[in-house]
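Read the structure below first, then the notes.
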Amino acid sequence: MLPFAYRVFQAIVQEHTFYRAAQTLSVTPSAISHSVNQLEKELGFPLFIRNRAGVELTPDGKTVLPLIQGVINAEDRLEQAAANINGLNAGSVRLGAFSSVCISWLPPIIRRFKQDYPDIQINLEQAGFADIAAAVKSGRLDLGLSALPVSEKLTVLPLVKDEIYCITPTDFIPANRTTVTAADLVDQNFILQRGDYDKDTKAALDHYQIRPNAIRFSIDDQSILAMVDAGMGMGILPELALQKVTGNVHVYPFDTQFYRTICLVVNAEQAKAPSTAKMIRAITEYVTTAYPDQVLRHPHVG
């Protein structure tokens with residue numbers, strides 16, 4: 001059986017305090033401290049630094065994090081495989097996704113998954129593209145929905161191409177009345193999420209020579225629409241982000257098409273877990289059904 005100290009280590013990393021880790025594991029804070037002290041004694045070096053905000057890993061703690069996480073994941077896979085052999089369909093899936101996927105895709109995917117596998121627990125984490133890939137690589141997440149390119153060495157399955165649109169106030173009409181051109185964007189300000197500025201959105205802005213000092217940042221897709229509605233500038237949002245948010249705005253295609261490619265990133269070891277394999281299949285089946293003309297069918301290793 002897995003040493004309890006490993007579960008304690010994992011809980012502290014996730015919760016950032018001994019107190020919250022104790023709540024997660026339903027033990028006392030003193031039991032958490034004792035477990036950490038014992039593990040640090042066995043390893044021969046400190047794992048955590050205490051500070052006002054809670055605790056953080058020492059450099060040595062960061063070194064052993066993926067190793068301890070790998071041991072935990074291996075035991076979880078063993079338990080899931082045994083449950084699968086016994087016909088129990090038990091286990092858990094740790095899934096990461098960015099905001100528009102959480103809003104638009106995951107409700108029907110999870111609803112159907114829970115109908116098919118009611119005994120498999122789903123843990124969902126919303127984060128940015130890079131954070132999702134890093135968490136999948138470390139083994140903290142089993143799989144994630146992100147966007148290309150993915151710098152981490154992971155199994156990457158491109159899913160769909162998601163076109164990027166220009167969001168404008170209602171009093172704006174492009175000169176050709178159909179698409180937004182470079183001439184339409186002269187002296188315009190843009191509002192976007194900071195996390196989007198290093199990917200496909202930036203490619204569109206660079207194409208139209210939008211200066212960085214003409215860009216303001218917002219916290220989420222709905223806030224972008226609200227700021228555009230208020231006349232504070234234009235926005236750039238992909239089609240998926242526009243499906244569940246609302247605002248009194250106009251949506252125009254650019255005269256040059258830009259896309260982001262939504263992808264599934266998977267830790268190769270975690271993909272062997274029965275519950276993770278079932279979730280991968282559920283996601284790909286949903287995308288194939290919902291986007292029959294847009295789905296991309298060629299996985300590769302990034």
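Residues are referred to by chain and number: the chain letter is A, B, ... according to the order shown in the structure tokens, the number counts from 1 in that chain, and ligands are numbered separately from 1 in the order shown.
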
Those in stretch 210-277 of chain A with alpha helix (DSSP H) from DSSP, as a list of chain:residue names: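 Listing alpha helix (DSSP H) positions across stretch 210-277 of chain A yields A:Asp221, A:Gln222, A:Ser223, A:Ile224, A:Leu225, A:Ala226, A:Met227, A:Val228, A:Asp229, A:Pro274, A:Ser275, A:Thr276, A:Ala277.
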
Sorted by chain and rising residue number, list the residues of stretch 138-214 of chain A at most 8 Å from stretch 259-272 of chain A (counting only C-alpha atoms), each with its closest atom pair and distance in Å to one decimal, as a tab-separated table.
```
residue	atom	partner	partner_atom	distance
A:Gly139	CA	A:Asn267	CA	6.8
A:Asp142	CA	A:Gln270	CA	5.5
A:Leu143	CA	A:Val266	CA	4.5
A:Gly144	CA	A:Val265	CA	5.2
A:Leu145	CA	A:Leu264	CA	4.7
A:Ser146	CA	A:Cys263	CA	5.3
A:Ala147	CA	A:Ile262	CA	4.4
A:Leu148	CA	A:Thr261	CA	5.6
A:Leu154	CA	A:Asn267	CA	5.9
A:Thr155	CA	A:Val266	CA	5.2
A:Val156	CA	A:Val265	CA	4.7
A:Leu157	CA	A:Leu264	CA	5.0
A:Pro158	CA	A:Cys263	CA	4.2
A:Leu159	CA	A:Cys263	CA	5.0
A:Val160	CA	A:Ile262	CA	5.5
A:Lys161	CA	A:Thr261	CA	4.5
A:Asp162	CA	A:Arg260	CA	5.2
A:Glu163	CA	A:Tyr259	CA	4.3
A:Ile164	CA	A:Tyr259	CA	5.4
A:Asp200	CA	A:Arg260	CA	5.7
```

Just write the chosen residues, C-alpha atoms, as a tab-separated table (two decimals), in the first residue's frame.
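Saved to again_5.tsv:
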```tsv
chain	number	residue	atom	x	y	z
A	139	GLY	CA	1.04	13.98	-13.49
A	142	ASP	CA	-4.47	13.06	-16.11
A	143	LEU	CA	-5.45	14.97	-19.24
A	144	GLY	CA	-6.35	18.46	-20.33
A	145	LEU	CA	-8.00	20.52	-23.04
A	146	SER	CA	-5.61	23.18	-24.31
A	147	ALA	CA	-4.56	24.84	-27.57
A	148	LEU	CA	-1.65	24.36	-29.94
A	154	LEU	CA	3.04	15.04	-24.12
A	155	THR	CA	0.68	13.05	-26.27
A	156	VAL	CA	-1.26	15.71	-28.17
A	157	LEU	CA	-4.51	15.08	-30.02
A	158	PRO	CA	-5.69	18.05	-32.15
A	159	LEU	CA	-9.48	18.25	-32.01
A	160	VAL	CA	-10.98	21.21	-33.89
A	161	LYS	CA	-9.97	24.48	-35.52
A	162	ASP	CA	-11.77	27.34	-33.81
A	163	GLU	CA	-12.04	30.51	-35.95
A	164	ILE	CA	-11.15	33.85	-34.35
A	200	ASP	CA	-3.23	32.84	-32.13
```

Using only C-alpha atoms, what table do you get, as CSV, when you list each residue of stretch 29-144 of chain A with an atom no more than 10 Å from stretch 1-16 of chain A, its nearest pair of atoms, and their distance in Å rounded to one decimal, rows by chain then rising number?
```
residue,atom,partner,partner_atom,distance
A:Ala31,CA,A:Val8,CA,9.3
A:Ile32,CA,A:Val8,CA,6.5
A:Ser33,CA,A:Val8,CA,9.2
A:His34,CA,A:Ala5,CA,9.2
A:Ser35,CA,A:Ala5,CA,5.4
A:Val36,CA,A:Ala5,CA,6.6
A:Asn37,CA,A:Ala5,CA,9.4
A:Gln38,CA,A:Ala5,CA,8.0
A:Leu39,CA,A:Ala5,CA,6.4
A:Glu40,CA,A:Ala5,CA,9.8
A:Leu47,CA,A:Phe9,CA,8.7
A:Phe48,CA,A:Ile12,CA,9.1
A:Arg50,CA,A:His16,CA,9.8
A:Ala53,CA,A:His16,CA,8.1
A:Gly54,CA,A:His16,CA,5.7
A:Val55,CA,A:His16,CA,5.4
A:Glu56,CA,A:His16,CA,6.6
A:Leu57,CA,A:Val13,CA,7.5
A:Gly61,CA,A:Phe9,CA,9.5
A:Lys62,CA,A:Val13,CA,9.9
A:Leu65,CA,A:Gln10,CA,8.3
A:Ile68,CA,A:Tyr6,CA,6.5
A:Gln69,CA,A:Gln10,CA,7.2
A:Val71,CA,A:Leu2,CA,8.0
A:Ile72,CA,A:Tyr6,CA,7.2
A:Ala74,CA,A:Leu2,CA,9.8
A:Glu75,CA,A:Leu2,CA,7.1
A:Asp76,CA,A:Leu2,CA,9.7
A:Arg140,CA,A:Gln10,CA,8.8
```

Can you spit out the residues from that selection as a short mmCIF file (atom, residue, chain, number, x, y, z; two decimals), in the first residue's frame, using C-alpha atoms?
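This is the output file selection13.cif:
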```cif
data_model
loop_
_atom_site.label_atom_id
_atom_site.label_comp_id
_atom_site.auth_asym_id
_atom_site.auth_seq_id
_atom_site.Cartn_x
_atom_site.Cartn_y
_atom_site.Cartn_z
CA ALA A 31 -1.03 14.43 11.89
CA ILE A 32 -0.06 16.34 8.74
CA SER A 33 2.96 17.89 10.46
CA HIS A 34 4.06 14.55 11.88
CA SER A 35 3.76 12.87 8.46
CA VAL A 36 5.80 15.61 6.78
CA ASN A 37 8.48 15.45 9.47
CA GLN A 38 8.75 11.68 9.05
CA LEU A 39 8.98 11.93 5.26
CA GLU A 40 11.60 14.69 5.45
CA LEU A 47 10.34 19.53 1.46
CA PHE A 48 8.46 22.70 2.35
CA ARG A 50 6.66 27.90 5.65
CA ALA A 53 0.84 32.71 2.67
CA GLY A 54 1.15 29.05 3.68
CA VAL A 55 3.81 26.67 2.41
CA GLU A 56 5.72 26.19 -0.82
CA LEU A 57 8.07 23.52 -2.05
CA GLY A 61 10.79 19.28 -2.91
CA LYS A 62 10.22 20.38 -6.50
CA LEU A 65 7.39 16.16 -6.74
CA ILE A 68 6.13 11.07 -5.69
CA GLN A 69 3.25 12.05 -7.98
CA VAL A 71 4.10 6.69 -7.44
CA ILE A 72 0.65 7.97 -6.44
CA ALA A 74 0.77 4.27 -10.43
CA GLU A 75 -1.18 3.06 -7.40
CA ASP A 76 -4.31 4.82 -8.63
CA ARG A 140 -1.08 16.25 -11.29
#
```

DSSP strand (DSSP E or B) residues within stretch 61-234 of chain A, listed as number ranges by chain: A: 91-97, 120-126, 143-147, 155-169, 180, 190-193, 215-218, 234

Would you mind exporting N, CA and C atoms of the selected residues as a short mmCIF file (atom, residue, chain, number, x, y, z; two decimals), in the first residue's frame?
```cif
data_model
loop_
_atom_site.label_atom_id
_atom_site.label_comp_id
_atom_site.auth_asym_id
_atom_site.auth_seq_id
_atom_site.Cartn_x
_atom_site.Cartn_y
_atom_site.Cartn_z
N GLY A 91 -12.94 4.51 -10.08
CA GLY A 91 -11.73 5.27 -10.29
C GLY A 91 -12.01 6.75 -10.30
N SER A 92 -11.06 7.51 -10.85
CA SER A 92 -11.21 8.96 -10.91
C SER A 92 -10.51 9.50 -12.14
N VAL A 93 -10.90 10.69 -12.55
CA VAL A 93 -10.28 11.39 -13.67
C VAL A 93 -10.02 12.82 -13.24
N ARG A 94 -8.79 13.28 -13.41
CA ARG A 94 -8.44 14.67 -13.11
C ARG A 94 -8.26 15.39 -14.46
N LEU A 95 -9.18 16.29 -14.74
CA LEU A 95 -9.27 16.92 -16.06
C LEU A 95 -9.06 18.42 -15.92
N GLY A 96 -8.20 18.98 -16.77
CA GLY A 96 -8.01 20.43 -16.82
C GLY A 96 -8.55 20.99 -18.12
N ALA A 97 -9.07 22.22 -18.06
CA ALA A 97 -9.63 22.84 -19.27
C ALA A 97 -9.63 24.35 -19.11
N ILE A 120 -17.24 6.63 -11.40
CA ILE A 120 -15.96 7.28 -11.66
C ILE A 120 -16.05 8.75 -11.24
N GLN A 121 -15.18 9.16 -10.36
CA GLN A 121 -15.17 10.53 -9.87
C GLN A 121 -14.43 11.44 -10.85
N ILE A 122 -14.99 12.62 -11.11
CA ILE A 122 -14.38 13.58 -12.01
C ILE A 122 -13.93 14.80 -11.20
N ASN A 123 -12.66 15.14 -11.29
CA ASN A 123 -12.12 16.35 -10.66
C ASN A 123 -11.71 17.31 -11.78
N LEU A 124 -12.32 18.48 -11.78
CA LEU A 124 -12.12 19.45 -12.87
C LEU A 124 -11.35 20.66 -12.36
N GLU A 125 -10.36 21.07 -13.14
CA GLU A 125 -9.58 22.27 -12.82
C GLU A 125 -9.56 23.20 -14.03
N GLN A 126 -9.95 24.46 -13.81
CA GLN A 126 -9.90 25.45 -14.89
C GLN A 126 -8.60 26.23 -14.78
N LEU A 143 -5.33 14.47 -17.87
CA LEU A 143 -5.45 14.97 -19.24
C LEU A 143 -6.01 16.38 -19.20
N GLY A 144 -5.88 17.09 -20.30
CA GLY A 144 -6.35 18.46 -20.33
C GLY A 144 -6.76 18.88 -21.72
N LEU A 145 -7.61 19.89 -21.79
CA LEU A 145 -8.00 20.52 -23.04
C LEU A 145 -7.28 21.85 -23.13
N SER A 146 -6.46 22.01 -24.17
CA SER A 146 -5.61 23.18 -24.31
C SER A 146 -5.66 23.65 -25.76
N ALA A 147 -4.63 24.36 -26.19
CA ALA A 147 -4.56 24.84 -27.57
C ALA A 147 -3.13 24.74 -28.06
N THR A 155 1.50 13.51 -25.16
CA THR A 155 0.68 13.05 -26.27
C THR A 155 -0.36 14.12 -26.56
N VAL A 156 -0.39 14.59 -27.80
CA VAL A 156 -1.26 15.71 -28.17
C VAL A 156 -2.21 15.26 -29.28
N LEU A 157 -3.50 15.44 -29.05
CA LEU A 157 -4.51 15.08 -30.02
C LEU A 157 -5.25 16.34 -30.47
N PRO A 158 -4.93 16.90 -31.65
CA PRO A 158 -5.69 18.05 -32.15
C PRO A 158 -7.15 17.68 -32.35
N LEU A 159 -8.05 18.55 -31.95
CA LEU A 159 -9.48 18.25 -32.01
C LEU A 159 -10.21 19.05 -33.07
N VAL A 160 -10.27 20.39 -32.91
CA VAL A 160 -10.98 21.21 -33.89
C VAL A 160 -10.24 22.53 -34.09
N LYS A 161 -10.45 23.13 -35.26
CA LYS A 161 -9.97 24.48 -35.52
C LYS A 161 -11.09 25.46 -35.20
N ASP A 162 -10.79 26.41 -34.35
CA ASP A 162 -11.77 27.34 -33.81
C ASP A 162 -11.48 28.74 -34.36
N GLU A 163 -12.33 29.24 -35.28
CA GLU A 163 -12.04 30.51 -35.95
C GLU A 163 -12.12 31.68 -34.97
N ILE A 164 -11.24 32.66 -35.19
CA ILE A 164 -11.15 33.85 -34.35
C ILE A 164 -11.86 35.02 -35.05
N TYR A 165 -12.69 35.74 -34.27
CA TYR A 165 -13.50 36.82 -34.82
C TYR A 165 -13.19 38.15 -34.15
N CYS A 166 -13.58 39.22 -34.83
CA CYS A 166 -13.45 40.57 -34.30
C CYS A 166 -14.79 40.98 -33.67
N ILE A 167 -14.75 41.44 -32.43
CA ILE A 167 -15.95 41.86 -31.71
C ILE A 167 -15.94 43.39 -31.66
N THR A 168 -17.02 44.02 -32.09
CA THR A 168 -17.04 45.47 -32.20
C THR A 168 -18.28 46.06 -31.53
N PRO A 169 -18.23 47.33 -31.17
CA PRO A 169 -19.45 48.01 -30.71
C PRO A 169 -20.49 48.01 -31.83
N VAL A 180 -13.65 42.54 -41.49
CA VAL A 180 -12.80 43.58 -40.92
C VAL A 180 -11.44 43.53 -41.62
N PHE A 190 -7.81 47.49 -28.56
CA PHE A 190 -8.30 46.12 -28.43
C PHE A 190 -8.28 45.66 -26.98
N ILE A 191 -9.23 44.81 -26.66
CA ILE A 191 -9.36 44.25 -25.31
C ILE A 191 -9.29 42.73 -25.44
N LEU A 192 -8.42 42.10 -24.67
CA LEU A 192 -8.30 40.65 -24.72
C LEU A 192 -7.77 40.13 -23.39
N GLN A 193 -7.83 38.82 -23.21
CA GLN A 193 -7.26 38.21 -22.03
C GLN A 193 -5.74 38.13 -22.18
N ILE A 215 -3.52 47.95 -26.66
CA ILE A 215 -4.16 46.73 -26.12
C ILE A 215 -4.41 46.89 -24.63
N ARG A 216 -5.64 46.56 -24.22
CA ARG A 216 -5.99 46.50 -22.80
C ARG A 216 -6.33 45.06 -22.47
N PHE A 217 -6.13 44.67 -21.23
CA PHE A 217 -6.38 43.30 -20.84
C PHE A 217 -7.58 43.19 -19.90
N SER A 218 -8.33 42.11 -20.09
CA SER A 218 -9.49 41.83 -19.28
C SER A 218 -9.33 40.46 -18.63
N MET A 234 -12.30 47.27 -29.25
CA MET A 234 -12.74 46.06 -29.93
C MET A 234 -12.18 44.84 -29.21
#
```

Distance criterion (only C-alpha atoms): nearest to A:Ser275 out of A:Pro212, A:Gly128, A:Pro174, A:Pro118: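 Looking at the shortest contact to A:Ser275, the residue is A:Pro118.
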
Atomic separation - atom CA of A:Phe98 relative to atom CA of A:Ala127, Å: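 Taking atom CA of A:Ala127 as the start and atom CA of A:Phe98 as the end point, the length is 5.3 Å.
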
Which residue of A:Val136, A:Val249, A:Ile283, A:Ala182 approaches A:Leu205 most closely, using only C-alpha atoms: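 Closest to A:Leu205 of all the choices is A:Ala182.
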
Separation of atom CA of A:Asp255 from atom CA of A:Thr181 in Å: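 We find that atom CA of A:Thr181 and atom CA of A:Asp255 lie 5.6 Å from each other.
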
Among listed residues A:Ala230, A:Ala214, A:Met279, A:Leu225, nearest A:Thr246 (using only C-alpha atoms):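 Smallest separation from A:Thr246 among the options: A:Leu225.
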
Nearest to A:Asn51, chosen from A:Gln115, A:Thr178, A:Thr17, A:Gln294, with only C-alpha atoms counted in the distances: A:Thr17

Computed interatomic separation between atom CA of A:Pro108 and atom CA of A:Val287 (Å):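 Between atom CA of A:Pro108 and atom CA of A:Val287 the gap is 10.9 Å.
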
Nearest-residue call for A:Ala226, choices A:Tyr208, A:Arg112, A:Gly247, A:Tyr286, using only C-alpha atoms: A:Gly247

Residue nearest A:Ile173 among A:Leu185, A:Leu237, A:Val64, A:Ile219 (counting only C-alpha atoms):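 Of all the options, A:Leu185 lies closest to A:Ile173.
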